[in-house]
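Okay, run.cif now, which holds mmCIF, C-alpha atoms:
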```
data_coords
#
loop_
_atom_site.group_PDB
_atom_site.id
_atom_site.type_symbol
_atom_site.label_atom_id
_atom_site.label_comp_id
_atom_site.auth_asym_id
_atom_site.auth_seq_id
_atom_site.Cartn_x
_atom_site.Cartn_y
_atom_site.Cartn_z
ATOM 1 C CA MET Y 1 9.011 -0.703 17.134
ATOM 2 C CA VAL Y 2 6.631 1.763 15.481
ATOM 3 C CA VAL Y 3 4.427 -1.060 14.234
ATOM 4 C CA CYS Y 4 4.157 -2.596 17.709
ATOM 5 C CA CYS Y 5 3.242 0.804 19.150
ATOM 6 C CA LEU Y 6 0.486 1.217 16.550
ATOM 7 C CA PHE Y 7 -0.919 -2.217 17.345
ATOM 8 C CA ARG Y 8 -0.880 -1.335 21.059
ATOM 9 C CA ILE Y 9 -2.583 2.031 20.485
ATOM 10 C CA PHE Y 10 -5.381 0.642 18.323
ATOM 11 C CA GLY Y 11 -6.025 -2.490 20.343
ATOM 12 C CA LYS Y 12 -4.513 -5.249 22.390
ATOM 13 C CA ASP Y 13 -4.954 -7.910 19.725
ATOM 14 C CA ARG Y 14 -1.751 -9.953 19.765
ATOM 15 C CA SER Y 15 -3.062 -12.865 17.785
ATOM 16 C CA ARG Y 16 -0.868 -15.063 15.640
ATOM 17 C CA ARG Y 17 -2.031 -13.267 12.482
ATOM 18 C CA ILE Y 18 -1.017 -9.842 13.826
ATOM 19 C CA GLN Y 19 2.365 -11.243 14.855
ATOM 20 C CA LYS Y 20 2.909 -12.671 11.351
ATOM 21 C CA LEU Y 21 1.968 -9.337 9.785
ATOM 22 C CA THR Y 22 4.342 -7.484 12.096
ATOM 23 C CA ASN Y 23 7.189 -9.785 11.096
ATOM 24 C CA ARG Y 24 6.373 -9.342 7.401
ATOM 25 C CA ILE Y 25 6.351 -5.559 7.787
ATOM 26 C CA TYR Y 26 9.875 -5.688 9.181
ATOM 27 C CA GLU Y 27 10.949 -8.043 6.374
ATOM 28 C CA SER Y 28 9.383 -5.844 3.698
ATOM 29 C CA PHE Y 29 11.195 -2.652 4.574
ATOM 30 C CA SER Y 30 14.651 -3.872 3.685
ATOM 31 C CA LEU Y 31 17.606 -2.236 2.001
ATOM 32 C CA PRO Y 32 16.671 -3.526 -1.507
ATOM 33 C CA LEU Y 33 13.178 -2.015 -1.192
ATOM 34 C CA ILE Y 34 14.599 1.336 -0.084
ATOM 35 C CA PHE Y 35 17.058 1.244 -2.991
ATOM 36 C CA ALA Y 36 14.260 0.369 -5.441
ATOM 37 C CA CYS Y 37 12.144 3.232 -4.093
ATOM 38 C CA GLY Y 38 15.024 5.674 -4.610
ATOM 39 C CA LEU Y 39 15.581 4.396 -8.139
ATOM 40 C CA LEU Y 40 11.868 4.716 -8.875
ATOM 41 C CA LEU Y 41 11.829 8.277 -7.538
ATOM 42 C CA LYS Y 42 14.832 9.264 -9.636
ATOM 43 C CA SER Y 43 13.572 7.654 -12.839
ATOM 44 C CA ILE Y 44 10.074 9.175 -12.684
ATOM 45 C CA LEU Y 45 11.306 12.625 -11.619
ATOM 46 C CA SER Y 46 12.184 13.596 -15.170
ATOM 47 C CA PHE Y 47 8.540 13.143 -16.233
ATOM 48 C CA VAL Y 48 6.515 14.694 -13.391
ATOM 49 C CA SER Y 49 6.853 17.013 -10.391
ATOM 50 C CA TRP Y 50 8.201 16.084 -6.958
ATOM 51 C CA ILE Y 51 4.764 15.805 -5.388
ATOM 52 C CA ARG Y 52 3.448 13.441 -8.054
ATOM 53 C CA VAL Y 53 6.644 11.392 -7.824
ATOM 54 C CA PHE Y 54 6.018 10.825 -4.114
ATOM 55 C CA LEU Y 55 2.366 9.952 -4.733
ATOM 56 C CA ILE Y 56 3.256 7.486 -7.490
ATOM 57 C CA SER Y 57 6.036 5.949 -5.393
ATOM 58 C CA TRP Y 58 3.694 5.620 -2.405
ATOM 59 C CA GLY Y 59 1.215 3.672 -4.526
ATOM 60 C CA VAL Y 60 3.841 1.387 -6.029
ATOM 61 C CA ILE Y 61 5.548 0.674 -2.707
ATOM 62 C CA ASP Y 62 2.128 0.103 -1.081
ATOM 63 C CA GLY Y 63 1.354 -2.492 -3.748
ATOM 64 C CA ILE Y 64 4.680 -4.285 -3.287
ATOM 65 C CA VAL Y 65 4.553 -4.288 0.510
ATOM 66 C CA SER Y 66 0.924 -5.429 0.659
ATOM 67 C CA TYR Y 67 1.760 -8.217 -1.817
ATOM 68 C CA LYS Y 68 4.508 -9.404 0.527
ATOM 69 C CA MET Y 69 2.407 -9.004 3.674
ATOM 70 C CA TYR Y 70 -0.600 -10.921 2.393
ATOM 71 C CA LYS Y 71 1.213 -13.440 0.204
ATOM 72 C CA GLU Y 72 -0.904 -16.354 1.476
ATOM 73 C CA GLU Y 73 -4.056 -14.984 -0.184
ATOM 74 C CA LYS Y 74 -5.170 -16.390 -3.519
ATOM 75 C CA PHE Y 75 -4.226 -14.666 -6.767
ATOM 76 C CA PHE Y 76 -7.644 -13.615 -7.983
ATOM 77 C CA PRO Y 77 -8.991 -11.151 -6.881
ATOM 78 C CA TYR Y 78 -6.661 -10.194 -4.008
ATOM 79 C CA GLN Y 79 -3.172 -10.372 -5.518
ATOM 80 C CA PHE Y 80 -4.515 -9.254 -8.897
ATOM 81 C CA ILE Y 81 -5.742 -6.044 -7.264
ATOM 82 C CA ARG Y 82 -2.294 -5.480 -5.757
ATOM 83 C CA PHE Y 83 -0.590 -5.855 -9.141
ATOM 84 C CA GLY Y 84 -3.239 -3.565 -10.603
ATOM 85 C CA ARG Y 85 -2.371 -1.010 -7.923
ATOM 86 C CA ILE Y 86 1.246 -1.021 -9.035
ATOM 87 C CA ALA Y 87 0.324 -0.652 -12.724
ATOM 88 C CA ALA Y 88 -2.290 2.045 -12.057
ATOM 89 C CA ASN Y 89 0.091 4.133 -10.001
ATOM 90 C CA LEU Y 90 2.854 3.823 -12.584
ATOM 91 C CA SER Y 91 0.386 5.062 -15.185
ATOM 92 C CA GLY Y 92 0.131 8.225 -13.099
ATOM 93 C CA VAL Y 93 3.130 9.428 -15.106
ATOM 94 C CA ILE Y 94 0.830 9.698 -18.133
ATOM 95 C CA SER Y 95 -2.414 10.810 -16.539
ATOM 96 C CA PRO Y 96 -3.412 11.486 -12.900
ATOM 97 C CA ILE Y 97 -6.992 10.310 -13.485
ATOM 98 C CA ILE Y 98 -6.027 6.605 -13.594
ATOM 99 C CA PRO Y 99 -4.435 6.449 -10.110
ATOM 100 C CA PHE Y 100 -7.178 8.767 -8.825
ATOM 101 C CA ILE Y 101 -9.940 6.348 -9.802
ATOM 102 C CA TRP Y 102 -7.967 3.195 -8.959
ATOM 103 C CA ASN Y 103 -6.690 4.285 -5.541
ATOM 104 C CA ILE Y 104 -10.030 5.579 -4.318
ATOM 105 C CA SER Y 105 -11.976 2.541 -5.517
ATOM 106 C CA ASP Y 106 -9.271 0.124 -4.309
ATOM 107 C CA GLY Y 107 -9.108 1.786 -0.893
ATOM 108 C CA ILE Y 108 -12.871 1.729 -0.388
ATOM 109 C CA TYR Y 109 -13.151 -1.850 -1.697
ATOM 110 C CA SER Y 110 -10.352 -2.961 0.642
ATOM 111 C CA LEU Y 111 -11.998 -1.246 3.608
ATOM 112 C CA ILE Y 112 -15.200 -3.141 2.855
ATOM 113 C CA ILE Y 113 -13.750 -6.628 2.331
ATOM 114 C CA TYR Y 114 -11.343 -6.343 5.270
ATOM 115 C CA SER Y 115 -13.859 -4.724 7.615
ATOM 116 C CA ARG Y 116 -12.976 -7.148 10.428
ATOM 117 C CA ALA Y 117 -9.244 -6.468 10.207
ATOM 118 C CA HIS Y 118 -7.240 -4.785 12.938
ATOM 119 C CA PRO Y 119 -7.602 -0.962 12.836
ATOM 120 C CA THR Y 120 -3.873 -0.561 12.222
ATOM 121 C CA GLU Y 121 -4.229 -2.462 8.957
ATOM 122 C CA HIS Y 122 -6.740 0.138 7.780
ATOM 123 C CA LEU Y 123 -4.114 2.921 7.808
ATOM 124 C CA SER Y 124 -2.746 1.941 4.399
ATOM 125 C CA ARG Y 125 -6.280 1.588 3.004
ATOM 126 C CA VAL Y 126 -7.231 5.075 4.127
ATOM 127 C CA GLY Y 127 -3.857 6.204 2.791
ATOM 128 C CA ARG Y 128 -4.852 4.837 -0.628
ATOM 129 C CA VAL Y 129 -8.019 6.916 -0.679
ATOM 130 C CA THR Y 130 -6.025 9.983 0.400
ATOM 131 C CA ASN Y 131 -3.396 9.253 -2.254
ATOM 132 C CA GLY Y 132 -6.089 9.122 -4.934
ATOM 133 C CA ILE Y 133 -7.543 12.461 -3.848
ATOM 134 C CA MET Y 134 -4.103 14.048 -3.744
ATOM 135 C CA HIS Y 135 -3.336 12.875 -7.298
ATOM 136 C CA ILE Y 136 -6.074 15.164 -8.576
ATOM 137 C CA ALA Y 137 -5.410 17.947 -6.087
ATOM 138 C CA PHE Y 138 -1.741 18.286 -7.069
ATOM 139 C CA SER Y 139 -2.029 17.830 -10.834
#
```
Serialized structure, structure tokens:
Amino acid sequence: MVVCCLFRIFGKDRSRRIQKLTNRIYESFSLPLIFACGLLLKSILSFVSWIRVFLISWGVIDGIVSYKMYKEEKFFPYQFIRFGRIAANLSGVISPIIPFIWNISDGIYSLIIYSRAHPTEHLSRVGRVTNGIMHIAFS
């Protein structure tokens, strides 16, 4: 319901592609993903603070969900970047500079290559840039 409202707010584009993405969003946020996110939060919490745990989890979950949403794209460079996003954010346990650089560059790169995408799809890309900035701000 929230996704449909966002698509309505940012434009009346109800193309087949937007409908497929909406369905994949609902499929992605399932009970196993929520359980995995909770497990990830709990396991990383012993290494870093609460704020960094949420930032790391956001990056990992963003990588997993975007992999599922855009699974029809070819592996290199698109899916490779998504797997890199997961690895870079997990390395935020060691050093915040890695997810800082990766998230900002990945977010800007994604905004450029998907410039014709629906504005709602850009929310996660802008969120990546914000996540990268917050990694440095809260470390």
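Minimum distance to Ile136 (chain Y) across Y:Ile112, Y:Ile51, Y:Ala117, Y:Met69 (counting all atoms listed in the file) occurs at Y:Ile51.
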Enclose the full set of atoms of region 92-110 of chain Y listed in the file within a box whose edges lie along x, y and z, apply 6 Å of padding to each of the six sides, and report centre and edge lengths in Å to one decimal as AutoDock Vina command-line options.
```
--center_x -5.0 --center_y 4.3 --center_z -8.7 --size_x 28.3 --size_y 26.4 --size_z 30.8
```
Skipping near chain neighbours, those fewer than 3 positions away, what residues fall within 10 Å of region 86-94 of chain Y using all atoms listed in the file, listed as a ChimeraX atom specification? /Y:40,44-49,52-53,55-64,81-83,97-103,131-132,135
C-alpha atoms of the current selection, written as a short mmCIF file (atom, residue, chain, number, x, y, z; two decimals), in the coordinates of the input:
```cif
data_model
loop_
_atom_site.label_atom_id
_atom_site.label_comp_id
_atom_site.auth_asym_id
_atom_site.auth_seq_id
_atom_site.Cartn_x
_atom_site.Cartn_y
_atom_site.Cartn_z
CA LEU Y 40 11.87 4.72 -8.88
CA ILE Y 44 10.07 9.18 -12.68
CA LEU Y 45 11.31 12.62 -11.62
CA SER Y 46 12.18 13.60 -15.17
CA PHE Y 47 8.54 13.14 -16.23
CA VAL Y 48 6.52 14.69 -13.39
CA SER Y 49 6.85 17.01 -10.39
CA ARG Y 52 3.45 13.44 -8.05
CA VAL Y 53 6.64 11.39 -7.82
CA LEU Y 55 2.37 9.95 -4.73
CA ILE Y 56 3.26 7.49 -7.49
CA SER Y 57 6.04 5.95 -5.39
CA TRP Y 58 3.69 5.62 -2.40
CA GLY Y 59 1.22 3.67 -4.53
CA VAL Y 60 3.84 1.39 -6.03
CA ILE Y 61 5.55 0.67 -2.71
CA ASP Y 62 2.13 0.10 -1.08
CA GLY Y 63 1.35 -2.49 -3.75
CA ILE Y 64 4.68 -4.28 -3.29
CA ILE Y 81 -5.74 -6.04 -7.26
CA ARG Y 82 -2.29 -5.48 -5.76
CA PHE Y 83 -0.59 -5.86 -9.14
CA ILE Y 97 -6.99 10.31 -13.48
CA ILE Y 98 -6.03 6.60 -13.59
CA PRO Y 99 -4.43 6.45 -10.11
CA PHE Y 100 -7.18 8.77 -8.82
CA ILE Y 101 -9.94 6.35 -9.80
CA TRP Y 102 -7.97 3.20 -8.96
CA ASN Y 103 -6.69 4.28 -5.54
CA ASN Y 131 -3.40 9.25 -2.25
CA GLY Y 132 -6.09 9.12 -4.93
CA HIS Y 135 -3.34 12.88 -7.30
#
```
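Compared by their closest atoms to Arg17 (chain Y), and using all atoms listed in the file, the residues Y:Tyr70, Y:Ser115, Y:Ile34, Y:Ser139 rank with Y:Tyr70 nearest.
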CA of Ser66 (chain Y) sits from CA of Ile25 (chain Y) at a separation of 9.0 Å
Could you spell out the hits of the PyMOL selection byres ((chain Y and resi 21) around 12) on the shown file, as a ChimeraX atom specification? /Y:3-4,7,14-20,22-28,65-72,117-118,120-121
